[in-house]
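Here's the structure, in structure tokens; my notes come after.
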Amino acid sequence: MILDWVRARGRVSATEAADLAGVSVGYAGTLLKALAAAGSVAPGRPNTAGRGFFYIPSD
């Protein structure tokens with residue numbers, strides 16, 4: 001579901017992923033980090049934290 005969202009929209013934040021998946025923002029961040037480690041998404045900027053941070057599709 002999160003991968004479909006990031007591919008369709010071009011980006012996803014932990015807050016958006018949390019809303020989509022019905023989980024906490026912290027857990028959504030963990031899920032996004034795992035997707036990034038698997039190569040499914042990439043960080044939107046080199047500093048992988050902070051307000052406004054998001055992930056982009058890596059495809």
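Scheme for the structure tokens: letters A, B, ... for chains in order shown; per-chain residue numbers from 1; ligand numbers from 1 in order shown.
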Please provide as a list in words all residues within 9 Å of A:Ser24, with the sequence filter that same-chain residues fewer than 6 positions apart are discarded (counting only C-alpha atoms). Ala14, Thr15 and Ala18 of chain A
Tell me which protein, DNA and RNA residues are within 12 Å of A:Gly50, counting only C-alpha atoms, leaving out same-chain ones fewer than 4 positions away, and put them as a VMD selection string. chain A and resid 13 to 14 29 43 to 46 54
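Distance annotation: of A:Ala42, A:Gly10, A:Pro57, A:Ile2, the residue with the minimal separation from A:Ala28 is A:Ile2; atom set is only C-alpha atoms.
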Distance of atom CA of A:Leu20 from atom CA of A:Ala37, expressed in Å to one decimal place: 20.5 Å
What is the distance, in Å and to one decimal place, between atom CA of A:Val6 and atom CA of A:Ser40?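 Pair atom CA of A:Val6 / atom CA of A:Ser40 returns 9.9 Å.
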Would you list, as a PDB file with C-alpha atoms, in the first residue's frame, the residues of chain A that end up in strand (DSSP E or B) under DSSP run on this structure's backbone?
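File produced: states-v3.pdb:
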```pdb
ATOM      1  CA  VAL A  12       5.655   9.824   1.033  1.00  0.00           C
ATOM      2  CA  VAL A  41      12.346   3.843  -1.884  1.00  0.00           C
ATOM      3  CA  ALA A  42      15.094   6.414  -1.525  1.00  0.00           C
ATOM      4  CA  PRO A  43      15.523   9.371   0.834  1.00  0.00           C
ATOM      5  CA  TYR A  55      10.971   9.271   0.658  1.00  0.00           C
ATOM      6  CA  ILE A  56      10.754   9.029  -3.122  1.00  0.00           C
ATOM      7  CA  PRO A  57      10.402   6.003  -5.402  1.00  0.00           C
TER       8      PRO A  57
END
```
Got a sec to tell me which of chain A DSSP assigns to helix (DSSP H, G or I), as a PDB file with all heavy atoms, in the first residue's frame?
```pdb
ATOM      1  N   ILE A   2       1.903   1.265   0.833  1.00  0.00           N
ATOM      2  CA  ILE A   2       2.789   2.433   0.909  1.00  0.00           C
ATOM      3  C   ILE A   2       3.566   2.601  -0.394  1.00  0.00           C
ATOM      4  O   ILE A   2       3.715   3.709  -0.899  1.00  0.00           O
ATOM      5  CB  ILE A   2       3.731   2.326   2.123  1.00  0.00           C
ATOM      6  CG1 ILE A   2       2.913   2.399   3.420  1.00  0.00           C
ATOM      7  CG2 ILE A   2       4.788   3.415   2.094  1.00  0.00           C
ATOM      8  CD1 ILE A   2       3.700   2.083   4.674  1.00  0.00           C
ATOM      9  N   LEU A   3       4.033   1.488  -0.959  1.00  0.00           N
ATOM     10  CA  LEU A   3       4.763   1.574  -2.228  1.00  0.00           C
ATOM     11  C   LEU A   3       3.868   2.088  -3.350  1.00  0.00           C
ATOM     12  O   LEU A   3       4.308   2.892  -4.175  1.00  0.00           O
ATOM     13  CB  LEU A   3       5.337   0.206  -2.608  1.00  0.00           C
ATOM     14  CG  LEU A   3       6.580  -0.208  -1.852  1.00  0.00           C
ATOM     15  CD1 LEU A   3       6.986  -1.620  -2.244  1.00  0.00           C
ATOM     16  CD2 LEU A   3       7.714   0.755  -2.095  1.00  0.00           C
ATOM     17  N   ASP A   4       2.627   1.647  -3.385  1.00  0.00           N
ATOM     18  CA  ASP A   4       1.694   2.148  -4.392  1.00  0.00           C
ATOM     19  C   ASP A   4       1.515   3.659  -4.250  1.00  0.00           C
ATOM     20  O   ASP A   4       1.487   4.390  -5.239  1.00  0.00           O
ATOM     21  CB  ASP A   4       0.337   1.456  -4.275  1.00  0.00           C
ATOM     22  CG  ASP A   4       0.381   0.016  -4.726  1.00  0.00           C
ATOM     23  OD1 ASP A   4       1.311  -0.359  -5.470  1.00  0.00           O
ATOM     24  OD2 ASP A   4      -0.530  -0.742  -4.327  1.00  0.00           O
ATOM     25  N   TRP A   5       1.402   4.116  -3.007  1.00  0.00           N
ATOM     26  CA  TRP A   5       1.211   5.547  -2.736  1.00  0.00           C
ATOM     27  C   TRP A   5       2.419   6.363  -3.206  1.00  0.00           C
ATOM     28  O   TRP A   5       2.264   7.364  -3.892  1.00  0.00           O
ATOM     29  CB  TRP A   5       0.972   5.768  -1.246  1.00  0.00           C
ATOM     30  CG  TRP A   5       0.824   7.203  -0.855  1.00  0.00           C
ATOM     31  CD1 TRP A   5       1.802   8.022  -0.378  1.00  0.00           C
ATOM     32  CD2 TRP A   5      -0.359   7.997  -0.901  1.00  0.00           C
ATOM     33  NE1 TRP A   5       1.304   9.271  -0.113  1.00  0.00           N
ATOM     34  CE2 TRP A   5      -0.027   9.276  -0.436  1.00  0.00           C
ATOM     35  CE3 TRP A   5      -1.664   7.751  -1.289  1.00  0.00           C
ATOM     36  CZ2 TRP A   5      -0.959  10.305  -0.354  1.00  0.00           C
ATOM     37  CZ3 TRP A   5      -2.590   8.774  -1.206  1.00  0.00           C
ATOM     38  CH2 TRP A   5      -2.234  10.033  -0.740  1.00  0.00           C
ATOM     39  N   VAL A   6       3.620   5.919  -2.825  1.00  0.00           N
ATOM     40  CA  VAL A   6       4.816   6.691  -3.183  1.00  0.00           C
ATOM     41  C   VAL A   6       5.033   6.685  -4.697  1.00  0.00           C
ATOM     42  O   VAL A   6       5.466   7.680  -5.270  1.00  0.00           O
ATOM     43  CB  VAL A   6       6.066   6.202  -2.412  1.00  0.00           C
ATOM     44  CG1 VAL A   6       6.558   4.859  -2.894  1.00  0.00           C
ATOM     45  CG2 VAL A   6       7.194   7.213  -2.494  1.00  0.00           C
ATOM     46  N   ARG A   7       4.692   5.595  -5.357  1.00  0.00           N
ATOM     47  CA  ARG A   7       4.829   5.552  -6.816  1.00  0.00           C
ATOM     48  C   ARG A   7       3.806   6.461  -7.494  1.00  0.00           C
ATOM     49  O   ARG A   7       4.123   7.145  -8.459  1.00  0.00           O
ATOM     50  CB  ARG A   7       4.688   4.125  -7.313  1.00  0.00           C
ATOM     51  CG  ARG A   7       5.892   3.282  -6.978  1.00  0.00           C
ATOM     52  CD  ARG A   7       5.724   1.863  -7.442  1.00  0.00           C
ATOM     53  NE  ARG A   7       6.858   1.045  -7.020  1.00  0.00           N
ATOM     54  CZ  ARG A   7       6.754  -0.187  -6.570  1.00  0.00           C
ATOM     55  NH1 ARG A   7       5.569  -0.773  -6.489  1.00  0.00           N
ATOM     56  NH2 ARG A   7       7.829  -0.854  -6.196  1.00  0.00           N
ATOM     57  N   ALA A   8       2.592   6.480  -6.997  1.00  0.00           N
ATOM     58  CA  ALA A   8       1.535   7.303  -7.595  1.00  0.00           C
ATOM     59  C   ALA A   8       1.735   8.785  -7.311  1.00  0.00           C
ATOM     60  O   ALA A   8       1.533   9.631  -8.179  1.00  0.00           O
ATOM     61  CB  ALA A   8       0.174   6.854  -7.079  1.00  0.00           C
ATOM     62  N   ARG A   9       2.159   9.101  -6.106  1.00  0.00           N
ATOM     63  CA  ARG A   9       2.273  10.499  -5.695  1.00  0.00           C
ATOM     64  C   ARG A   9       3.670  11.068  -5.888  1.00  0.00           C
ATOM     65  O   ARG A   9       3.857  12.275  -5.941  1.00  0.00           O
ATOM     66  CB  ARG A   9       1.869  10.620  -4.223  1.00  0.00           C
ATOM     67  CG  ARG A   9       1.770  12.042  -3.764  1.00  0.00           C
ATOM     68  CD  ARG A   9       0.920  12.152  -2.522  1.00  0.00           C
ATOM     69  NE  ARG A   9       0.773  13.544  -2.162  1.00  0.00           N
ATOM     70  CZ  ARG A   9       1.570  14.185  -1.321  1.00  0.00           C
ATOM     71  NH1 ARG A   9       2.562  13.562  -0.734  1.00  0.00           N
ATOM     72  NH2 ARG A   9       1.359  15.456  -1.056  1.00  0.00           N
ATOM     73  N   ALA A  14       6.602   9.938   6.676  1.00  0.00           N
ATOM     74  CA  ALA A  14       6.232   8.985   7.722  1.00  0.00           C
ATOM     75  C   ALA A  14       4.819   9.259   8.224  1.00  0.00           C
ATOM     76  O   ALA A  14       4.064   8.319   8.513  1.00  0.00           O
ATOM     77  CB  ALA A  14       7.232   9.046   8.878  1.00  0.00           C
ATOM     78  N   THR A  15       4.430  10.515   8.279  1.00  0.00           N
ATOM     79  CA  THR A  15       3.074  10.860   8.719  1.00  0.00           C
ATOM     80  C   THR A  15       2.033  10.319   7.744  1.00  0.00           C
ATOM     81  O   THR A  15       1.026   9.746   8.159  1.00  0.00           O
ATOM     82  CB  THR A  15       2.935  12.386   8.868  1.00  0.00           C
ATOM     83  OG1 THR A  15       3.922  12.854   9.781  1.00  0.00           O
ATOM     84  CG2 THR A  15       1.552  12.759   9.373  1.00  0.00           C
ATOM     85  N   GLU A  16       2.274  10.489   6.451  1.00  0.00           N
ATOM     86  CA  GLU A  16       1.360   9.966   5.443  1.00  0.00           C
ATOM     87  C   GLU A  16       1.302   8.443   5.502  1.00  0.00           C
ATOM     88  O   GLU A  16       0.212   7.855   5.429  1.00  0.00           O
ATOM     89  CB  GLU A  16       1.801  10.390   4.038  1.00  0.00           C
ATOM     90  CG  GLU A  16       1.634  11.860   3.772  1.00  0.00           C
ATOM     91  CD  GLU A  16       2.301  12.293   2.489  1.00  0.00           C
ATOM     92  OE1 GLU A  16       3.385  11.774   2.150  1.00  0.00           O
ATOM     93  OE2 GLU A  16       1.718  13.163   1.820  1.00  0.00           O
ATOM     94  N   ALA A  17       2.466   7.806   5.629  1.00  0.00           N
ATOM     95  CA  ALA A  17       2.509   6.344   5.700  1.00  0.00           C
ATOM     96  C   ALA A  17       1.772   5.842   6.930  1.00  0.00           C
ATOM     97  O   ALA A  17       1.078   4.820   6.873  1.00  0.00           O
ATOM     98  CB  ALA A  17       3.958   5.865   5.706  1.00  0.00           C
ATOM     99  N   ALA A  18       1.890   6.548   8.037  1.00  0.00           N
ATOM    100  CA  ALA A  18       1.184   6.167   9.259  1.00  0.00           C
ATOM    101  C   ALA A  18      -0.323   6.232   9.049  1.00  0.00           C
ATOM    102  O   ALA A  18      -1.053   5.318   9.458  1.00  0.00           O
ATOM    103  CB  ALA A  18       1.601   7.068  10.415  1.00  0.00           C
ATOM    104  N   ASP A  19      -0.801   7.287   8.423  1.00  0.00           N
ATOM    105  CA  ASP A  19      -2.235   7.425   8.139  1.00  0.00           C
ATOM    106  C   ASP A  19      -2.719   6.310   7.213  1.00  0.00           C
ATOM    107  O   ASP A  19      -3.790   5.740   7.418  1.00  0.00           O
ATOM    108  CB  ASP A  19      -2.544   8.777   7.517  1.00  0.00           C
ATOM    109  CG  ASP A  19      -2.459   9.926   8.504  1.00  0.00           C
ATOM    110  OD1 ASP A  19      -2.474   9.671   9.726  1.00  0.00           O
ATOM    111  OD2 ASP A  19      -2.370  11.077   8.049  1.00  0.00           O
ATOM    112  N   LEU A  20      -1.934   6.004   6.185  1.00  0.00           N
ATOM    113  CA  LEU A  20      -2.314   4.967   5.228  1.00  0.00           C
ATOM    114  C   LEU A  20      -2.385   3.588   5.871  1.00  0.00           C
ATOM    115  O   LEU A  20      -3.314   2.827   5.614  1.00  0.00           O
ATOM    116  CB  LEU A  20      -1.308   4.912   4.077  1.00  0.00           C
ATOM    117  CG  LEU A  20      -1.347   6.030   3.069  1.00  0.00           C
ATOM    118  CD1 LEU A  20      -0.118   5.956   2.169  1.00  0.00           C
ATOM    119  CD2 LEU A  20      -2.610   5.940   2.239  1.00  0.00           C
ATOM    120  N   ALA A  21      -1.390   3.273   6.683  1.00  0.00           N
ATOM    121  CA  ALA A  21      -1.277   1.933   7.259  1.00  0.00           C
ATOM    122  C   ALA A  21      -1.980   1.790   8.604  1.00  0.00           C
ATOM    123  O   ALA A  21      -2.111   0.675   9.116  1.00  0.00           O
ATOM    124  CB  ALA A  21       0.201   1.561   7.402  1.00  0.00           C
ATOM    125  N   VAL A  25       3.425   7.001  13.817  1.00  0.00           N
ATOM    126  CA  VAL A  25       4.403   7.655  12.950  1.00  0.00           C
ATOM    127  C   VAL A  25       5.782   7.024  13.129  1.00  0.00           C
ATOM    128  O   VAL A  25       6.508   6.825  12.157  1.00  0.00           O
ATOM    129  CB  VAL A  25       4.451   9.181  13.223  1.00  0.00           C
ATOM    130  CG1 VAL A  25       5.557   9.847  12.433  1.00  0.00           C
ATOM    131  CG2 VAL A  25       3.107   9.824  12.889  1.00  0.00           C
ATOM    132  N   GLY A  26       6.127   6.674  14.352  1.00  0.00           N
ATOM    133  CA  GLY A  26       7.420   6.031  14.608  1.00  0.00           C
ATOM    134  C   GLY A  26       7.557   4.703  13.887  1.00  0.00           C
ATOM    135  O   GLY A  26       8.595   4.405  13.286  1.00  0.00           O
ATOM    136  N   TYR A  27       6.497   3.899  13.940  1.00  0.00           N
ATOM    137  CA  TYR A  27       6.534   2.601  13.257  1.00  0.00           C
ATOM    138  C   TYR A  27       6.538   2.792  11.741  1.00  0.00           C
ATOM    139  O   TYR A  27       7.218   2.057  11.025  1.00  0.00           O
ATOM    140  CB  TYR A  27       5.369   1.718  13.687  1.00  0.00           C
ATOM    141  CG  TYR A  27       5.475   0.326  13.126  1.00  0.00           C
ATOM    142  CD1 TYR A  27       6.510  -0.517  13.497  1.00  0.00           C
ATOM    143  CD2 TYR A  27       4.562  -0.134  12.196  1.00  0.00           C
ATOM    144  CE1 TYR A  27       6.628  -1.783  12.965  1.00  0.00           C
ATOM    145  CE2 TYR A  27       4.668  -1.397  11.657  1.00  0.00           C
ATOM    146  CZ  TYR A  27       5.705  -2.226  12.045  1.00  0.00           C
ATOM    147  OH  TYR A  27       5.816  -3.482  11.511  1.00  0.00           O
ATOM    148  N   ALA A  28       5.819   3.779  11.256  1.00  0.00           N
ATOM    149  CA  ALA A  28       5.825   4.064   9.822  1.00  0.00           C
ATOM    150  C   ALA A  28       7.232   4.440   9.367  1.00  0.00           C
ATOM    151  O   ALA A  28       7.674   4.031   8.288  1.00  0.00           O
ATOM    152  CB  ALA A  28       4.846   5.182   9.497  1.00  0.00           C
ATOM    153  N   GLY A  29       7.945   5.200  10.196  1.00  0.00           N
ATOM    154  CA  GLY A  29       9.332   5.538   9.883  1.00  0.00           C
ATOM    155  C   GLY A  29      10.201   4.304   9.792  1.00  0.00           C
ATOM    156  O   GLY A  29      11.058   4.182   8.914  1.00  0.00           O
ATOM    157  N   THR A  30       9.969   3.356  10.698  1.00  0.00           N
ATOM    158  CA  THR A  30      10.703   2.086  10.672  1.00  0.00           C
ATOM    159  C   THR A  30      10.401   1.328   9.385  1.00  0.00           C
ATOM    160  O   THR A  30      11.307   0.766   8.753  1.00  0.00           O
ATOM    161  CB  THR A  30      10.337   1.228  11.900  1.00  0.00           C
ATOM    162  OG1 THR A  30      10.674   1.965  13.079  1.00  0.00           O
ATOM    163  CG2 THR A  30      11.062  -0.096  11.897  1.00  0.00           C
ATOM    164  N   LEU A  31       9.132   1.295   8.986  1.00  0.00           N
ATOM    165  CA  LEU A  31       8.755   0.626   7.743  1.00  0.00           C
ATOM    166  C   LEU A  31       9.423   1.283   6.536  1.00  0.00           C
ATOM    167  O   LEU A  31       9.930   0.592   5.643  1.00  0.00           O
ATOM    168  CB  LEU A  31       7.234   0.659   7.559  1.00  0.00           C
ATOM    169  CG  LEU A  31       6.397  -0.168   8.512  1.00  0.00           C
ATOM    170  CD1 LEU A  31       4.914   0.101   8.284  1.00  0.00           C
ATOM    171  CD2 LEU A  31       6.694  -1.646   8.352  1.00  0.00           C
ATOM    172  N   LEU A  32       9.433   2.610   6.514  1.00  0.00           N
ATOM    173  CA  LEU A  32      10.049   3.323   5.400  1.00  0.00           C
ATOM    174  C   LEU A  32      11.554   3.098   5.346  1.00  0.00           C
ATOM    175  O   LEU A  32      12.131   2.950   4.265  1.00  0.00           O
ATOM    176  CB  LEU A  32       9.720   4.808   5.479  1.00  0.00           C
ATOM    177  CG  LEU A  32       8.271   5.157   5.144  1.00  0.00           C
ATOM    178  CD1 LEU A  32       7.962   6.601   5.533  1.00  0.00           C
ATOM    179  CD2 LEU A  32       7.977   4.911   3.678  1.00  0.00           C
ATOM    180  N   LYS A  33      12.196   3.041   6.500  1.00  0.00           N
ATOM    181  CA  LYS A  33      13.641   2.749   6.532  1.00  0.00           C
ATOM    182  C   LYS A  33      13.917   1.350   5.995  1.00  0.00           C
ATOM    183  O   LYS A  33      14.901   1.133   5.277  1.00  0.00           O
ATOM    184  CB  LYS A  33      14.181   2.889   7.945  1.00  0.00           C
ATOM    185  CG  LYS A  33      14.299   4.321   8.392  1.00  0.00           C
ATOM    186  CD  LYS A  33      14.787   4.417   9.822  1.00  0.00           C
ATOM    187  CE  LYS A  33      14.740   5.853  10.301  1.00  0.00           C
ATOM    188  NZ  LYS A  33      15.083   5.977  11.717  1.00  0.00           N
ATOM    189  N   ALA A  34      13.044   0.393   6.324  1.00  0.00           N
ATOM    190  CA  ALA A  34      13.207  -0.972   5.812  1.00  0.00           C
ATOM    191  C   ALA A  34      13.007  -1.001   4.298  1.00  0.00           C
ATOM    192  O   ALA A  34      13.746  -1.697   3.581  1.00  0.00           O
ATOM    193  CB  ALA A  34      12.220  -1.910   6.499  1.00  0.00           C
ATOM    194  N   LEU A  35      12.028  -0.251   3.797  1.00  0.00           N
ATOM    195  CA  LEU A  35      11.825  -0.165   2.350  1.00  0.00           C
ATOM    196  C   LEU A  35      13.025   0.480   1.664  1.00  0.00           C
ATOM    197  O   LEU A  35      13.415   0.079   0.566  1.00  0.00           O
ATOM    198  CB  LEU A  35      10.548   0.614   2.039  1.00  0.00           C
ATOM    199  CG  LEU A  35       9.232  -0.089   2.361  1.00  0.00           C
ATOM    200  CD1 LEU A  35       8.056   0.877   2.204  1.00  0.00           C
ATOM    201  CD2 LEU A  35       9.038  -1.308   1.478  1.00  0.00           C
ATOM    202  N   ALA A  36      13.625   1.467   2.329  1.00  0.00           N
ATOM    203  CA  ALA A  36      14.817   2.116   1.766  1.00  0.00           C
ATOM    204  C   ALA A  36      15.997   1.142   1.751  1.00  0.00           C
ATOM    205  O   ALA A  36      16.749   1.080   0.766  1.00  0.00           O
ATOM    206  CB  ALA A  36      15.171   3.367   2.564  1.00  0.00           C
ATOM    207  N   ALA A  37      16.155   0.359   2.811  1.00  0.00           N
ATOM    208  CA  ALA A  37      17.239  -0.622   2.875  1.00  0.00           C
ATOM    209  C   ALA A  37      17.072  -1.699   1.805  1.00  0.00           C
ATOM    210  O   ALA A  37      18.055  -2.219   1.274  1.00  0.00           O
ATOM    211  CB  ALA A  37      17.293  -1.250   4.264  1.00  0.00           C
TER     212      ALA A  37
END
```
